[in-house]
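Working notes, beginning with the structure itself.
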Amino acid sequence: MTVLLESRIAGLPAPKRGKVRDVYDLGDQLLIVTTDRISAFDCVFPNGIPHKGRVLNTLALHWFSRTRHIVENHVVSDDPAAVVPAGTPLDDLRWRCTVGRKCKPIEVECVVRGYLDGSAWVEYQENGTVGREPAPLGYKRKQRFETPRFTPATKAASGHDENISFAQVVNLLGADVANFLRDTSIALYRFAHDEMLPKGFVLADTKFEFGWLGDKIILIDEALTPDSSRFFERDSYVEGRRSISVDKQFVRDYCETLDWDKNPPAPRLPDDIVAKTSEKYLRILEVITGRPAPWLNE
Ligand SMILES: Nc1ncnc2c1ncn2[C@@H]1O[C@H](COP(=O)(O)OP(=O)(O)OP(=O)(O)O)[C@@H](O)[C@H]1O
Ligand SMILES: [Mg+2]
């Protein structure tokens, strides 16, 4: 199966290319194409990971459909045929597309953490706070919180996310919207955490994006994939230890063996790392959705 590094759809305006996804503006809808690009340390690698884009898109659609009882979301369809010009070859696009209702994005990244890791662990060590709120002394890395914490962030001018306090979200958006975002994000996190744990994955933290559709707030972007979340394997979870997200473990481990300063350009990944990473993604999809990747039987 071919690896898609960049989508090209003749007859549509050029997409906005993120690190992993190509987003086509269709007017009142967006066509989001998840490619096989992979990034780590904020750098995109020159080669892609077979199946990765299809896995991420299929997982996001799985979660959007499973969480509709909690909040409405932007998904219109997974079928590009209705929105691309007639005659567009569809083979490269199947399984990797989401057509979403275009919203006005709310400029707060709604991060929920059930465990202390990532940038929250850094913040805790530096300031003794989590999400800019005071936290008890003596936490270990990866420790599970009594209750999940909402640790919002904004995209800073530098391009990197900056953690902000809940009070700052209230200032930016008002108390009603801030409460809605917090409560909905925590409900989504709890639901996904509790579904994944018996399947062998710990959902340590995750990020949601919401947008305005008229006067309604709905869930947009993607949700609960390894690109927006940190998962670790339940059976290897050890409090206090450094953890690596399950999907990119081989890529990060490999990069640590190189004499690379983690600034662009990223090095080419060797075939065995690519193959192992690809298997990891396929396994995550199979375990979470309970069935093998549907395109493998085509
Ligand atoms: N339904 C929607 N309506 C409006 N904007 C949306 C919708 N869904 C997603 N978006 C926006 O589309 C963009 C998707 O871009 P993408 O995530 O690929 O790149 P990025 O966020 O710029 O960079 P990165 O690669 O670091 O994630 C985001 O800005 C997201 O907020
Ligand atoms: Mg993004």
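Going through the structure tokens in order, the chains are called A, B, and so on, while each chain numbers its residues from 1 and the ligands are numbered from 1 in the order shown.
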
For region 159-164 of chain A: contacts at 12 Å, only C-alpha atoms, fewer than 3 positions along chain excluded, given as JSON, numbers by chain: {"A": [41, 42, 107, 108, 109, 110, 111, 112, 118, 119, 120, 122, 123, 124, 129, 130, 131, 132, 133, 150, 151, 152, 153, 154, 155, 156, 167, 168, 169, 170, 171, 172, 207]}

Considering only C-alpha atoms, return as a list in words whatever protein or nucleic-acid residues lie within 7 Å of Trp95 (chain A), sequence-local ones (same chain, fewer than 2 positions apart) excluded.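 These residues fall inside the cut-off: Arg54, Asn57, Thr58, Leu93 and Cys97 of chain A.
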
For the interface of chain A with ligand 2 (cut-off 8 Å, counting only C-alpha atoms and all ligand atoms), please tabulate each contacting residue of chain A alongside its nearest pair of atoms and their separation in Å to one decimal, rows sorted by chain and increasing number, as a Markdown table.
```
| residue | atom | partner | partner_atom_place_in_ligand_line | distance |
| --- | --- | --- | --- | --- |
| A:Gly18 | CA | ligand 2 | 1 (Mg) | 6.8 |
| A:Lys19 | CA | ligand 2 | 1 (Mg) | 7.8 |
| A:Asp221 | CA | ligand 2 | 1 (Mg) | 7.3 |
```

Could you pull out the residues sitting within 6 Å of ligand 1, using only C-alpha atoms and all ligand atoms, and write them as a PyMOL selection string? chain A and resi 18-22+74+100-105+220-221

Output of the above residues as a PDB file, in the first residue's frame, restricted to N, CA and C atoms:
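File part25.pdb, as written:
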```pdb
ATOM      1  N   GLY A  18      -0.570  21.021   7.795  1.00  0.00           N
ATOM      2  CA  GLY A  18      -0.021  20.968   9.161  1.00  0.00           C
ATOM      3  C   GLY A  18       1.129  19.984   9.174  1.00  0.00           C
ATOM      4  N   LYS A  19       1.528  19.570  10.361  1.00  0.00           N
ATOM      5  CA  LYS A  19       2.629  18.605  10.407  1.00  0.00           C
ATOM      6  C   LYS A  19       2.185  17.273   9.801  1.00  0.00           C
ATOM      7  N   VAL A  20       0.927  16.931  10.024  1.00  0.00           N
ATOM      8  CA  VAL A  20       0.472  15.605   9.607  1.00  0.00           C
ATOM      9  C   VAL A  20      -0.707  15.663   8.632  1.00  0.00           C
ATOM     10  N   ARG A  21      -1.556  16.696   8.754  1.00  0.00           N
ATOM     11  CA  ARG A  21      -2.775  16.705   7.954  1.00  0.00           C
ATOM     12  C   ARG A  21      -2.794  17.831   6.940  1.00  0.00           C
ATOM     13  N   ASP A  22      -3.496  17.576   5.844  1.00  0.00           N
ATOM     14  CA  ASP A  22      -3.723  18.590   4.819  1.00  0.00           C
ATOM     15  C   ASP A  22      -5.190  18.985   4.930  1.00  0.00           C
ATOM     16  N   HIS A  74     -17.981  17.730  14.598  1.00  0.00           N
ATOM     17  CA  HIS A  74     -18.039  18.332  13.255  1.00  0.00           C
ATOM     18  C   HIS A  74     -18.208  17.337  12.116  1.00  0.00           C
ATOM     19  N   GLY A 100     -15.676  17.818   7.547  1.00  0.00           N
ATOM     20  CA  GLY A 100     -16.208  18.395   8.785  1.00  0.00           C
ATOM     21  C   GLY A 100     -16.929  19.703   8.516  1.00  0.00           C
ATOM     22  N   ARG A 101     -17.888  20.003   9.365  1.00  0.00           N
ATOM     23  CA  ARG A 101     -18.536  21.314   9.263  1.00  0.00           C
ATOM     24  C   ARG A 101     -17.531  22.363   9.730  1.00  0.00           C
ATOM     25  N   LYS A 102     -17.353  23.404   8.924  1.00  0.00           N
ATOM     26  CA  LYS A 102     -16.359  24.426   9.286  1.00  0.00           C
ATOM     27  C   LYS A 102     -16.899  25.310  10.395  1.00  0.00           C
ATOM     28  N   CYS A 103     -16.126  25.460  11.426  1.00  0.00           N
ATOM     29  CA  CYS A 103     -16.528  26.259  12.593  1.00  0.00           C
ATOM     30  C   CYS A 103     -15.553  27.405  12.789  1.00  0.00           C
ATOM     31  N   LYS A 104     -15.899  28.258  13.732  1.00  0.00           N
ATOM     32  CA  LYS A 104     -14.939  29.274  14.157  1.00  0.00           C
ATOM     33  C   LYS A 104     -14.200  28.662  15.354  1.00  0.00           C
ATOM     34  N   PRO A 105     -12.915  28.290  15.151  1.00  0.00           N
ATOM     35  CA  PRO A 105     -12.227  27.580  16.231  1.00  0.00           C
ATOM     36  C   PRO A 105     -12.097  28.438  17.498  1.00  0.00           C
ATOM     37  N   ILE A 220     -14.293  19.677  17.330  1.00  0.00           N
ATOM     38  CA  ILE A 220     -13.753  19.735  15.962  1.00  0.00           C
ATOM     39  C   ILE A 220     -12.394  19.033  15.902  1.00  0.00           C
ATOM     40  N   ASP A 221     -11.720  19.185  14.781  1.00  0.00           N
ATOM     41  CA  ASP A 221     -10.348  18.698  14.599  1.00  0.00           C
ATOM     42  C   ASP A 221     -10.329  17.173  14.646  1.00  0.00           C
TER      43      ASP A 221
END
```

Counting only C-alpha atoms, the option among A:Gly11, A:Pro46, A:Gly114, A:Gly27 closest to Val84 (chain A): A:Gly11

Could you pull out the strand (DSSP E or B) residues of region 148-271 of chain A from DSSP and send them as a PyMOL selection string? chain A and resi 148-150+153-155+161-163+201-213+216-220+229-233

Selection: 12 Å around Arg96 (chain A), only C-alpha atoms, excl. self and same-chain fewer than 6 positions, as a ChimeraX atom specification: /A:3-4,7,20-23,31-36,51-61,77-80,90,222,295

Could you tell me which of A:Tyr24, A:Phe45, A:Tyr139, A:Phe64 comes closest to Phe208 (chain A) if we count only C-alpha atoms?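 Residue with the minimum atom-to-atom distance to Phe208 (chain A): A:Phe64.
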
Residue contacts of region 280-282 of chain A (9 Å, only C-alpha atoms) excluding same-chain residues fewer than 3 positions away, as a PyMOL selection string: chain A and resi 51-52+55-56+226+246-248+275-277+285-287+292-293

One residue among A:Ser65, A:Ser236, A:Gln143, A:Gln249 is nearest to Asp117 (chain A) when using only C-alpha atoms, and that residue is A:Gln143

Nearest candidate to Ser185 (chain A) (options A:Gly211, A:Ser245, A:Ser39, A:Ile70; using only C-alpha atoms):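 The shortest atom-to-atom distance to Ser185 (chain A) comes from A:Ile70.
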
Residues of region 81-189 of chain A in alpha helix (DSSP H) according to DSSP, as a ChimeraX atom specification? /A:118-127,166-173,175-189
